[in-house]
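One file, final.csv, carrying CSV, C-alpha atoms:
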chain,number,residue,atom,x,y,z
J,1,MET,CA,61.2,-123.4,23.7
J,2,ALA,CA,62.4,-121.2,26.4
J,3,LEU,CA,58.9,-120.7,27.7
J,4,GLY,CA,58.4,-124.4,27.6
J,5,ARG,CA,61.4,-125.0,29.7
J,6,VAL,CA,60.2,-122.3,32.2
J,7,GLY,CA,56.9,-124.1,32.4
J,8,ARG,CA,58.5,-127.5,33.1
J,9,CYS,CA,60.9,-125.8,35.6
J,10,CYS,CA,58.0,-124.3,37.6
J,11,ARG,CA,56.0,-127.5,37.4
J,12,SER,CA,58.9,-129.4,38.8
J,13,PHE,CA,59.1,-127.1,41.8
J,14,LEU,CA,55.4,-127.7,42.4
J,15,LEU,CA,55.5,-131.5,42.1
J,16,ASP,CA,59.0,-132.3,43.5
J,17,PRO,CA,59.4,-131.2,47.2
J,18,SER,CA,63.2,-131.8,46.9
J,19,LYS,CA,63.4,-128.9,44.4
J,20,ARG,CA,61.6,-126.3,46.4
J,21,VAL,CA,64.8,-124.6,47.3
J,22,PHE,CA,64.1,-120.9,46.9
J,23,CYS,CA,63.0,-119.3,50.2
J,24,GLY,CA,59.3,-119.4,50.0
J,25,VAL,CA,58.9,-119.6,46.2
J,26,LEU,CA,56.2,-122.2,45.6
J,27,GLN,CA,56.8,-123.6,49.0
J,28,PRO,CA,53.8,-123.0,51.3
J,29,GLY,CA,55.3,-124.3,54.5
J,30,TRP,CA,58.4,-122.1,54.3
J,31,MET,CA,56.9,-119.1,56.1
J,32,GLU,CA,56.3,-120.9,59.3
J,33,GLY,CA,59.9,-121.8,59.6
J,34,CYS,CA,61.1,-118.2,59.6
J,35,ILE,CA,58.6,-116.6,62.0
J,36,GLY,CA,60.9,-117.1,65.0
J,37,ALA,CA,63.8,-115.2,63.5
J,38,LYS,CA,64.9,-112.4,65.8
J,39,ARG,CA,65.7,-109.8,63.1
J,40,HIS,CA,64.7,-106.2,62.8
J,41,LEU,CA,64.9,-103.8,59.9
J,42,LEU,CA,65.7,-100.5,61.6
J,43,SER,CA,69.2,-99.5,62.4
J,44,GLU,CA,70.4,-98.3,65.8
J,45,ASN,CA,70.4,-94.8,64.4
J,46,VAL,CA,66.6,-94.9,64.4
J,47,ILE,CA,65.9,-97.1,67.4
J,48,ARG,CA,68.5,-95.3,69.6
J,49,LEU,CA,67.9,-97.8,72.4
J,50,HIS,CA,71.4,-97.4,73.9
J,51,GLU,CA,71.1,-93.6,74.1
J,52,PHE,CA,67.7,-94.0,75.7
J,53,GLN,CA,69.1,-96.5,78.3
J,54,GLN,CA,71.9,-94.1,79.1
J,55,ARG,CA,69.3,-91.4,79.9
J,56,LYS,CA,67.4,-93.8,82.1
J,57,LEU,CA,70.5,-94.5,84.1
J,58,ALA,CA,71.0,-90.8,84.6
J,59,VAL,CA,67.7,-90.3,86.3
J,60,ALA,CA,67.3,-93.8,88.0
J,61,HIS,CA,67.7,-92.3,91.5
J,62,LEU,CA,64.5,-90.3,91.0
J,63,ARG,CA,62.3,-93.4,90.3
J,64,LEU,CA,60.4,-93.6,93.6
J,65,ARG,CA,59.7,-89.9,93.8
J,66,GLY,CA,58.7,-89.7,90.1
J,67,LYS,CA,56.3,-92.7,90.4
J,68,LYS,CA,54.7,-91.3,93.5
J,69,LEU,CA,54.3,-87.9,91.9
J,70,ILE,CA,52.5,-89.3,88.8
J,71,SER,CA,50.3,-91.6,90.9
J,72,ASN,CA,49.2,-88.7,93.1
J,73,LYS,CA,48.4,-86.4,90.2
J,74,LEU,CA,46.4,-89.2,88.5
J,75,GLN,CA,44.4,-89.8,91.7
J,76,ASN,CA,43.8,-86.2,92.5
J,77,THR,CA,43.1,-85.1,88.9
J,78,GLN,CA,46.0,-82.6,89.0
J,79,LEU,CA,47.5,-81.1,85.9
J,80,ILE,CA,50.2,-83.3,84.5
J,81,LEU,CA,53.1,-81.2,83.3
J,82,ARG,CA,55.4,-82.0,80.4
J,83,ASP,CA,58.5,-82.5,82.5
J,84,ASP,CA,56.5,-84.8,84.9
J,85,LEU,CA,55.6,-87.1,82.0
J,86,LYS,CA,59.0,-86.9,80.4
J,87,LEU,CA,60.7,-88.0,83.6
J,88,PHE,CA,58.3,-90.8,84.4
J,89,LEU,CA,58.8,-92.2,80.8
J,90,HIS,CA,62.5,-92.6,81.7
J,91,LEU,CA,61.8,-94.2,85.0
J,92,CYS,CA,59.5,-97.1,83.9
J,93,ASP,CA,60.9,-100.5,84.4
J,94,SER,CA,57.9,-102.8,84.4
J,95,ALA,CA,54.6,-103.5,82.6
J,96,ASP,CA,52.8,-102.1,85.6
J,97,ASP,CA,54.7,-98.8,85.2
J,98,MET,CA,53.8,-98.7,81.6
J,99,LEU,CA,50.1,-99.0,82.4
J,100,ILE,CA,50.4,-96.0,84.7
J,101,VAL,CA,52.3,-94.0,82.1
J,102,ARG,CA,49.7,-94.8,79.5
J,103,ASP,CA,47.0,-93.4,81.8
J,104,ALA,CA,49.2,-90.3,82.3
J,105,MET,CA,49.6,-89.9,78.6
J,106,TYR,CA,45.8,-90.1,78.1
J,107,ARG,CA,45.3,-87.4,80.7
J,108,TYR,CA,48.1,-85.2,79.2
J,109,HIS,CA,46.7,-85.6,75.7
J,110,GLN,CA,43.2,-84.6,76.9
J,111,GLU,CA,44.5,-81.6,78.8
J,112,ASN,CA,46.5,-80.4,75.8
J,113,LEU,CA,44.3,-81.1,72.8
J,114,ASN,CA,44.4,-77.5,71.7
J,115,PHE,CA,48.2,-77.2,71.9
J,116,ALA,CA,50.8,-78.5,69.4
J,117,PHE,CA,53.4,-81.0,70.6
J,118,LYS,CA,56.1,-79.7,68.4
J,119,GLU,CA,58.3,-78.7,71.3
J,120,PHE,CA,58.7,-82.3,72.5
J,121,LYS,CA,57.5,-85.7,71.1
J,122,PHE,CA,56.6,-88.3,73.7
J,123,GLY,CA,55.9,-91.0,71.2
J,124,PRO,CA,59.5,-92.2,70.5
J,125,LEU,CA,60.2,-92.2,74.2
J,126,PHE,CA,57.2,-94.4,74.9
J,127,VAL,CA,57.8,-96.9,72.1
J,128,ARG,CA,61.5,-97.2,73.0
J,129,GLN,CA,60.5,-98.0,76.6
J,130,CYS,CA,58.1,-100.7,75.2
J,131,TYR,CA,61.0,-101.9,73.0
J,132,GLU,CA,63.2,-102.4,76.0
J,133,LEU,CA,60.5,-104.2,78.0
J,134,GLY,CA,59.3,-106.3,75.1
J,135,LEU,CA,55.8,-104.9,75.1
J,136,GLU,CA,55.2,-104.8,71.3
J,137,GLU,CA,51.5,-105.5,71.4
J,138,PHE,CA,51.0,-103.0,74.2
J,139,ALA,CA,52.8,-100.4,72.1
J,140,ALA,CA,50.8,-101.2,69.0
J,141,ALA,CA,47.5,-100.9,70.9
J,142,THR,CA,48.5,-97.6,72.4
J,143,VAL,CA,49.9,-96.0,69.2
J,144,THR,CA,46.8,-96.9,67.2
J,145,ASP,CA,44.3,-96.0,70.0
J,146,GLU,CA,41.7,-93.6,68.5
J,147,LYS,CA,41.7,-91.7,71.8
J,148,MET,CA,45.4,-90.9,71.3
J,149,ARG,CA,45.0,-89.7,67.7
J,150,GLY,CA,47.4,-86.8,67.2
J,151,PHE,CA,49.6,-87.7,70.1
J,152,PHE,CA,51.7,-90.1,68.1
J,153,ASN,CA,52.0,-87.8,65.1
J,154,ASP,CA,55.6,-88.8,64.1
J,155,SER,CA,56.9,-91.5,61.9
J,156,THR,CA,59.5,-92.7,64.4
J,157,SER,CA,56.9,-93.9,66.9
J,158,PHE,CA,55.0,-96.0,64.3
J,159,ASN,CA,58.2,-97.3,62.7
J,160,ILE,CA,59.7,-98.6,65.9
J,161,THR,CA,56.3,-100.2,66.8
J,162,ILE,CA,56.2,-101.9,63.4
J,163,ASP,CA,59.8,-103.0,63.7
J,164,MET,CA,59.0,-104.6,67.1
J,165,LEU,CA,56.0,-106.5,65.6
J,166,PHE,CA,58.2,-107.6,62.7
J,167,THR,CA,60.9,-108.9,65.0
J,168,LYS,CA,58.3,-111.0,66.9
J,169,GLY,CA,56.7,-112.3,63.7
J,170,LEU,CA,53.4,-110.4,64.2
J,171,TYR,CA,53.2,-109.5,60.5
J,172,GLU,CA,49.4,-109.1,60.3
J,173,LYS,CA,49.4,-106.7,63.3
J,174,ALA,CA,52.3,-104.8,61.7
J,175,LEU,CA,50.3,-104.4,58.5
J,176,GLU,CA,47.3,-103.2,60.5
J,177,VAL,CA,49.5,-100.6,62.2
J,178,LEU,CA,50.7,-99.5,58.8
J,179,GLY,CA,47.2,-99.0,57.6
J,180,ILE,CA,46.2,-96.9,60.6
J,181,MET,CA,49.4,-94.9,60.2
J,182,LYS,CA,48.5,-94.1,56.6
J,183,SER,CA,44.8,-93.3,57.5
J,184,GLN,CA,45.9,-90.8,60.2
J,185,GLY,CA,48.0,-88.9,57.8
J,186,VAL,CA,51.4,-89.7,59.5
J,187,THR,CA,54.3,-89.3,57.0
J,188,LEU,CA,55.4,-92.6,55.5
J,189,ASN,CA,59.2,-92.1,55.2
J,190,THR,CA,61.9,-94.3,53.7
J,191,ASP,CA,62.1,-96.5,56.8
J,192,THR,CA,58.3,-96.9,56.8
J,193,VAL,CA,58.3,-98.1,53.2
J,194,THR,CA,61.1,-100.6,53.9
J,195,LEU,CA,59.2,-101.9,56.9
J,196,ALA,CA,56.0,-102.2,54.8
J,197,ALA,CA,57.8,-104.1,52.0
J,198,GLY,CA,59.4,-106.4,54.5
J,199,THR,CA,56.1,-107.1,56.3
J,200,CYS,CA,54.3,-107.8,53.1
J,201,TYR,CA,57.1,-110.1,51.9
J,202,LYS,CA,56.8,-112.1,55.1
J,203,LEU,CA,53.0,-112.3,54.8
J,204,ASN,CA,53.2,-113.4,51.2
J,205,THR,CA,49.5,-113.1,50.6
J,206,PRO,CA,47.6,-111.5,47.6
J,207,ARG,CA,46.4,-108.8,50.0
J,208,SER,CA,49.9,-107.9,51.2
J,209,TYR,CA,51.2,-108.0,47.6
J,210,GLU,CA,48.5,-105.6,46.5
J,211,PHE,CA,49.3,-103.3,49.5
J,212,CYS,CA,53.0,-103.3,48.8
J,213,SER,CA,52.5,-102.7,45.0
J,214,THR,CA,50.2,-99.8,45.6
J,215,LEU,CA,52.4,-98.2,48.2
J,216,ILE,CA,55.7,-98.4,46.3
J,217,GLU,CA,54.2,-97.5,42.9
J,218,ASP,CA,52.5,-94.5,44.5
J,219,LYS,CA,55.7,-93.4,46.2
J,220,GLN,CA,57.7,-93.8,43.0
J,221,SER,CA,55.2,-91.8,41.0
J,222,LYS,CA,55.7,-88.9,43.4
J,223,GLY,CA,59.5,-89.1,43.1
J,224,PHE,CA,60.0,-90.6,46.5
J,225,LEU,CA,63.3,-92.3,47.2
J,226,ILE,CA,62.7,-96.1,47.7
J,227,SER,CA,65.5,-97.9,49.6
J,228,LYS,CA,67.4,-100.7,48.0
J,229,GLN,CA,66.2,-103.1,50.6
J,230,ALA,CA,62.5,-102.2,50.0
J,231,GLN,CA,62.9,-102.7,46.3
J,232,CYS,CA,64.5,-106.1,46.8
J,233,PHE,CA,61.7,-107.0,49.2
J,234,PHE,CA,59.2,-106.1,46.5
J,235,VAL,CA,60.9,-108.1,43.8
J,236,ALA,CA,61.2,-111.1,46.0
J,237,LEU,CA,57.5,-110.8,46.9
J,238,ALA,CA,56.6,-110.7,43.2
J,239,ILE,CA,58.5,-113.9,42.7
J,240,ARG,CA,56.9,-115.6,45.6
J,241,GLN,CA,53.5,-114.6,44.3
J,242,ASN,CA,54.5,-116.1,40.9
J,243,ASP,CA,54.2,-112.7,39.2
J,244,ILE,CA,57.3,-113.2,37.1
J,245,GLU,CA,56.3,-110.5,34.7
J,246,LYS,CA,56.2,-107.9,37.5
J,247,ALA,CA,59.6,-109.2,38.7
J,248,LYS,CA,61.0,-108.8,35.1
J,249,LEU,CA,59.7,-105.2,35.0
J,250,LEU,CA,61.5,-104.4,38.3
J,251,TYR,CA,64.6,-106.2,37.3
J,252,PRO,CA,66.4,-103.1,35.8
J,253,GLN,CA,66.0,-101.3,39.1
J,254,ILE,CA,67.7,-103.9,41.3
J,255,ARG,CA,70.2,-104.8,38.6
J,256,SER,CA,71.9,-101.4,39.2
J,257,PHE,CA,72.6,-102.3,42.9
J,258,ASP,CA,76.1,-103.6,43.3
J,259,ASN,CA,75.5,-105.9,46.3
J,260,LYS,CA,75.1,-109.6,47.1
J,261,LEU,CA,71.3,-109.5,47.4
J,262,SER,CA,70.6,-107.8,44.1
J,263,GLU,CA,73.0,-110.1,42.3
J,264,ASN,CA,71.2,-113.2,43.7
J,265,LEU,CA,67.8,-111.9,42.9
J,266,THR,CA,69.0,-111.1,39.4
J,267,VAL,CA,70.2,-114.6,38.8
J,268,LEU,CA,67.0,-116.0,40.2
J,269,ILE,CA,64.8,-113.8,37.9
J,270,LEU,CA,66.8,-114.7,34.9
J,271,ALA,CA,66.6,-118.4,35.8
J,272,MET,CA,62.9,-118.4,36.3
J,273,THR,CA,62.2,-116.4,33.1
J,274,GLY,CA,64.3,-118.8,30.9
J,275,ALA,CA,67.2,-116.5,30.4
J,276,VAL,CA,69.7,-119.2,31.7
J,277,GLU,CA,72.4,-118.0,29.3
J,278,ASP,CA,72.3,-114.5,30.8
J,279,ALA,CA,72.4,-115.9,34.3
J,280,VAL,CA,75.5,-118.0,33.4
J,281,SER,CA,77.2,-114.8,32.0
J,282,ILE,CA,76.7,-113.0,35.3
J,283,LEU,CA,78.0,-116.0,37.3
J,284,SER,CA,81.0,-116.4,35.0
J,285,ALA,CA,81.9,-112.8,35.3
J,286,ALA,CA,81.9,-113.2,39.1
J,287,VAL,CA,84.6,-115.8,39.0
J,288,LEU,CA,87.0,-114.1,36.6
J,289,PRO,CA,90.6,-114.9,37.7
J,290,ASP,CA,91.9,-111.4,37.0
J,291,ARG,CA,89.7,-109.8,39.7
J,292,PRO,CA,92.0,-107.9,42.1
J,293,THR,CA,92.5,-109.6,45.5
J,294,PHE,CA,91.4,-106.5,47.4
J,295,VAL,CA,88.0,-106.5,45.6
J,296,LYS,CA,85.4,-108.5,47.6
J,297,LYS,CA,84.1,-111.4,45.5
J,298,PRO,CA,80.3,-111.7,45.2
J,299,LYS,CA,78.8,-114.8,46.9
J,300,PHE,CA,75.7,-116.6,45.6
J,301,SER,CA,73.2,-118.5,47.6
J,302,GLU,CA,73.2,-122.3,47.3
J,303,HIS,CA,69.5,-122.2,47.0
J,304,VAL,CA,69.5,-119.8,44.1
J,305,LEU,CA,72.1,-121.9,42.3
J,306,ASP,CA,69.9,-125.0,42.8
J,307,VAL,CA,67.0,-123.1,41.2
J,308,LEU,CA,69.2,-122.3,38.2
J,309,ARG,CA,70.3,-125.9,37.9
J,310,SER,CA,66.8,-127.1,38.0
J,311,CYS,CA,65.6,-124.6,35.4
J,312,SER,CA,68.5,-125.6,33.1
J,313,ASN,CA,68.1,-129.3,33.5
J,314,GLY,CA,67.8,-131.0,30.1
J,315,GLY,CA,68.4,-127.7,28.3
J,316,PRO,CA,71.2,-126.6,26.0
J,317,HIS,CA,73.0,-124.7,28.8
J,318,MET,CA,72.9,-127.5,31.4
J,319,MET,CA,76.7,-128.3,31.2
J,320,GLU,CA,77.6,-124.6,31.3
J,321,VAL,CA,75.5,-124.1,34.5
J,322,GLU,CA,77.1,-127.2,36.1
J,323,GLN,CA,80.6,-125.9,35.2
J,324,VAL,CA,80.1,-122.3,36.5
J,325,VAL,CA,78.5,-123.6,39.7
J,326,ALA,CA,81.5,-125.9,40.3
J,327,ASN,CA,83.8,-122.9,39.6
J,328,LEU,CA,82.0,-120.8,42.2
J,329,LYS,CA,82.2,-123.5,44.8
J,330,GLN,CA,85.9,-123.9,44.1
J,331,ALA,CA,86.4,-120.2,44.5
J,332,GLY,CA,84.5,-120.2,47.8
J,333,GLN,CA,81.7,-118.0,46.4
J,334,VAL,CA,78.8,-120.2,47.3
J,335,THR,CA,77.1,-119.5,50.7
J,336,SER,CA,74.4,-121.4,52.6
J,337,GLN,CA,72.8,-118.1,53.4
J,338,THR,CA,69.3,-118.0,52.0
J,339,LEU,CA,67.7,-115.1,50.2
J,340,ASP,CA,65.5,-114.6,53.2
J,341,ASP,CA,68.6,-114.1,55.3
J,342,MET,CA,70.0,-111.6,52.9
J,343,LEU,CA,66.7,-109.7,52.7
J,344,CYS,CA,65.9,-109.5,56.4
J,345,HIS,CA,69.2,-107.9,57.5
J,346,THR,CA,69.6,-105.0,59.9
J,347,PRO,CA,71.1,-102.0,58.2
J,348,LYS,CA,74.6,-100.9,59.4
J,349,VAL,CA,74.8,-97.9,61.6
J,350,ASN,CA,75.8,-94.9,59.7
J,351,SER,CA,78.6,-93.1,61.5
J,352,LYS,CA,78.2,-89.4,61.8
J,353,PRO,CA,80.7,-87.5,59.6
J,354,VAL,CA,83.4,-85.6,61.3
J,355,LEU,CA,83.0,-82.0,60.6
J,356,VAL,CA,86.3,-80.3,60.0
J,357,GLN,CA,86.1,-76.6,60.7
J,358,ALA,CA,87.8,-74.4,58.1
J,359,ARG,CA,90.8,-72.5,59.4
J,360,LYS,CA,90.4,-68.8,59.5
J,361,ALA,CA,93.9,-67.9,60.7
J,362,SER,CA,97.4,-68.8,59.5
J,363,ARG,CA,99.2,-71.4,61.6
J,364,ARG,CA,102.5,-69.6,61.0
J,365,THR,CA,101.6,-66.0,61.4
J,366,MET,CA,98.4,-66.4,63.4
J,367,LYS,CA,96.9,-63.6,61.1
J,368,PRO,CA,93.5,-63.9,59.4
J,369,LEU,CA,93.7,-65.8,56.1
J,370,ASN,CA,93.1,-63.9,52.9
J,371,ASN,CA,89.5,-64.2,51.6
J,372,ILE,CA,90.9,-65.6,48.3
J,373,LEU,CA,92.5,-68.5,50.2
J,374,LEU,CA,89.3,-69.2,52.1
J,375,SER,CA,87.4,-69.4,48.9
J,376,GLU,CA,89.7,-72.0,47.4

When written as structure tokens, how does the structure in this file appear?
Amino acid sequence: MALGRVGRCCRSFLLDPSKRVFCGVLQPGWMEGCIGAKRHLLSENVIRLHEFQQRKLAVAHLRLRGKKLISNKLQNTQLILRDDLKLFLHLCDSADDMLIVRDAMYRYHQENLNFAFKEFKFGPLFVRQCYELGLEEFAAATVTDEKMRGFFNDSTSFNITIDMLFTKGLYEKALEVLGIMKSQGVTLNTDTVTLAAGTCYKLNTPRSYEFCSTLIEDKQSKGFLISKQAQCFFVALAIRQNDIEKAKLLYPQIRSFDNKLSENLTVLILAMTGAVEDAVSILSAAVLPDRPTFVKKPKFSEHVLDVLRSCSNGGPHMMEVEQVVANLKQAGQVTSQTLDDMLCHTPKVNSKPVLVQARKASRRTMKPLNNILLSE
């Protein structure tokens, strides 16, 4: 009977446009409405645009001299030094300047093919400059240029480029950059996997779903730490691809996350798999009156609750669902924020911990502390 209700529920989403409330689930036209969203997935700790801009200001007075120096060296085929290129990367303030610096990077790369770039990485500087000037496609073309293979050998350069493309809604291009990054042997770190999952979620195609599944499952098999956001993207993509069985398998992983996004996804999965009673239990627990006032109450998306109500329509738990939804609304725990809004959020900046240096001398006698005291 439960499976029958699930079938009727899913068919009702397909046939009745008014019930297509989940962000993108069984709603083909939803994707187009979100492409213009100006959201990125990398925190300021990674992009570090403000820090880069501060350094630009510090050397702004050298702009004319630096530009002339690079132009002369390019024209006269003189050797381009590391500090020359580093300075000019901080002095660029237009697309024309970026064309010059790209030529300079080509030359520098050719002149130093037999040397390692471990002492300084130009890639992050270049893509941050592109980020500031809004040159995401130019950055992608340069980073993936076969002639520059080995120059952008760090994850940060690719990650910021993909983040720029994601922000502008260029998801196909972002997936292409991801593929090239992987083929070049550049390390795919935690941020890369999150960006990949987010890009695949936005594309919502069988190809992107397969790419995301392969990437995450491969990383998990190697003991790689997958971020909460990436796992939630993967679950949401499985739901959008109507792979409810896969979503059920992933359910225990996101259920352990104590945040608004995972709770909403959990309710959605339970609703779409016919476990309406379990979904009601979670929602009922969220509105318990004995919850301390200083504890933040979870909020549930209105769209997710509409899915639950549709799936319970005509079933034995219909009245319970209506009651718990009414209780949530009365408690102010229903939000108009969609699952897409919750998924595509920019991580908070992690503040650096303050290092407290251990005292080695007594404040009273100013004599060195006993070793036993230091060890405690």

### Message
Between atom CA of J:Gln75 and atom CA of J:Thr142, what distance in Å does the model show, to one decimal?
### Response
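Between atom CA of J:Gln75 and atom CA of J:Thr142 the gap is 21.2 Å.
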
#### Entry: Separation of atom CA of J:Lys297 from atom CA of J:Ser284, in Å and rounded to one decimal
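These atoms are spaced 12.0 Å apart.
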
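Picture a line from atom CA of J:Gly66 to atom CA of J:Met98; it runs 13.3 Å.
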
### Query
Using all atoms listed in the file, which residues sit within 7 Å of stretch 209-217 of chain J once same-chain residues fewer than 4 positions away are excluded, as JSON, numbers by chain?
{"J": [196, 197, 200, 204, 205, 221, 237]}

Considering only C-alpha atoms, give me a table of residues in stretch 72-144 of chain J that are at most 7 Å from stretch 49-56 of chain J, with the closest atom pair and distance in Å for each, as a tab-separated table.
residue	atom	partner	partner_atom	distance
J:His90	CA	J:Lys56	CA	5.1
J:Leu91	CA	J:Lys56	CA	6.3
J:Arg128	CA	J:Leu49	CA	6.5

### Message
Which residues are near J:Met181? Cut-off 10 Å, all atoms listed in the file, ignore same chain within fewer than 4 positions. Put them as a VMD selection string.
### Response
chain J and resid 143 to 144 152 to 155 158 to 159 175 to 177 185 to 188 192

### Task
Quick one: everything within 10 Å of J:Leu265, counting all atoms listed in the file, minus sequence neighbours fewer than 5 positions away in the same chain. Send it as JSON, numbers by chain.
{"J": [232, 235, 236, 239, 247, 251, 254, 255, 260, 270, 271, 300, 301, 304, 339]}

### Task
Counting all atoms listed in the file, figure out which residue out of J:His40, J:Lys68, J:Arg48, J:Lys228 gets nearest to J:Leu165.
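Going through J:His40, J:Lys68, J:Arg48, J:Lys228 one by one, the smallest distance to J:Leu165 is for J:His40.
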
### Query
With all atoms listed in the file as the atoms that count, which of J:Gln220, J:Ser281, J:Gln78, J:Thr338 lies nearest to J:Val325?
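Under the stated criterion, the closest residue is J:Ser281.
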
### Task
Find, counting only C-alpha atoms, the residue in J:Ala285, J:Ala60, J:Cys311, J:Leu305 that gets nearest to J:Thr273.
J:Cys311

## Note on the structure
Min atom-atom distance to J:Asn259 from the set J:Val324, J:Leu62, J:Ala174, J:Leu343, counting all atoms listed in the file, belongs to J:Leu343

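Of the residues listed (J:Gln229, J:Val334, J:Leu41, J:Phe88), J:Phe88 shows the shortest atom-to-atom separation from J:His61; distances use all atoms listed in the file.
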
### Task
Could you tell me which of J:Cys344, J:Leu79, J:Met272, J:Cys130 comes closest to J:Leu42 if we count all atoms listed in the file?
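Once distances to J:Leu42 are computed over all atoms listed in the file, the minimum belongs to J:Cys344.
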
### Message
Which residues are near J:Lys329? Cut-off 12 Å, only C-alpha atoms, ignore same chain within fewer than 2 positions. Put them as a PyMOL selection string.
### Response
chain J and resi 283+286-287+298-302+305+322-327+331-336
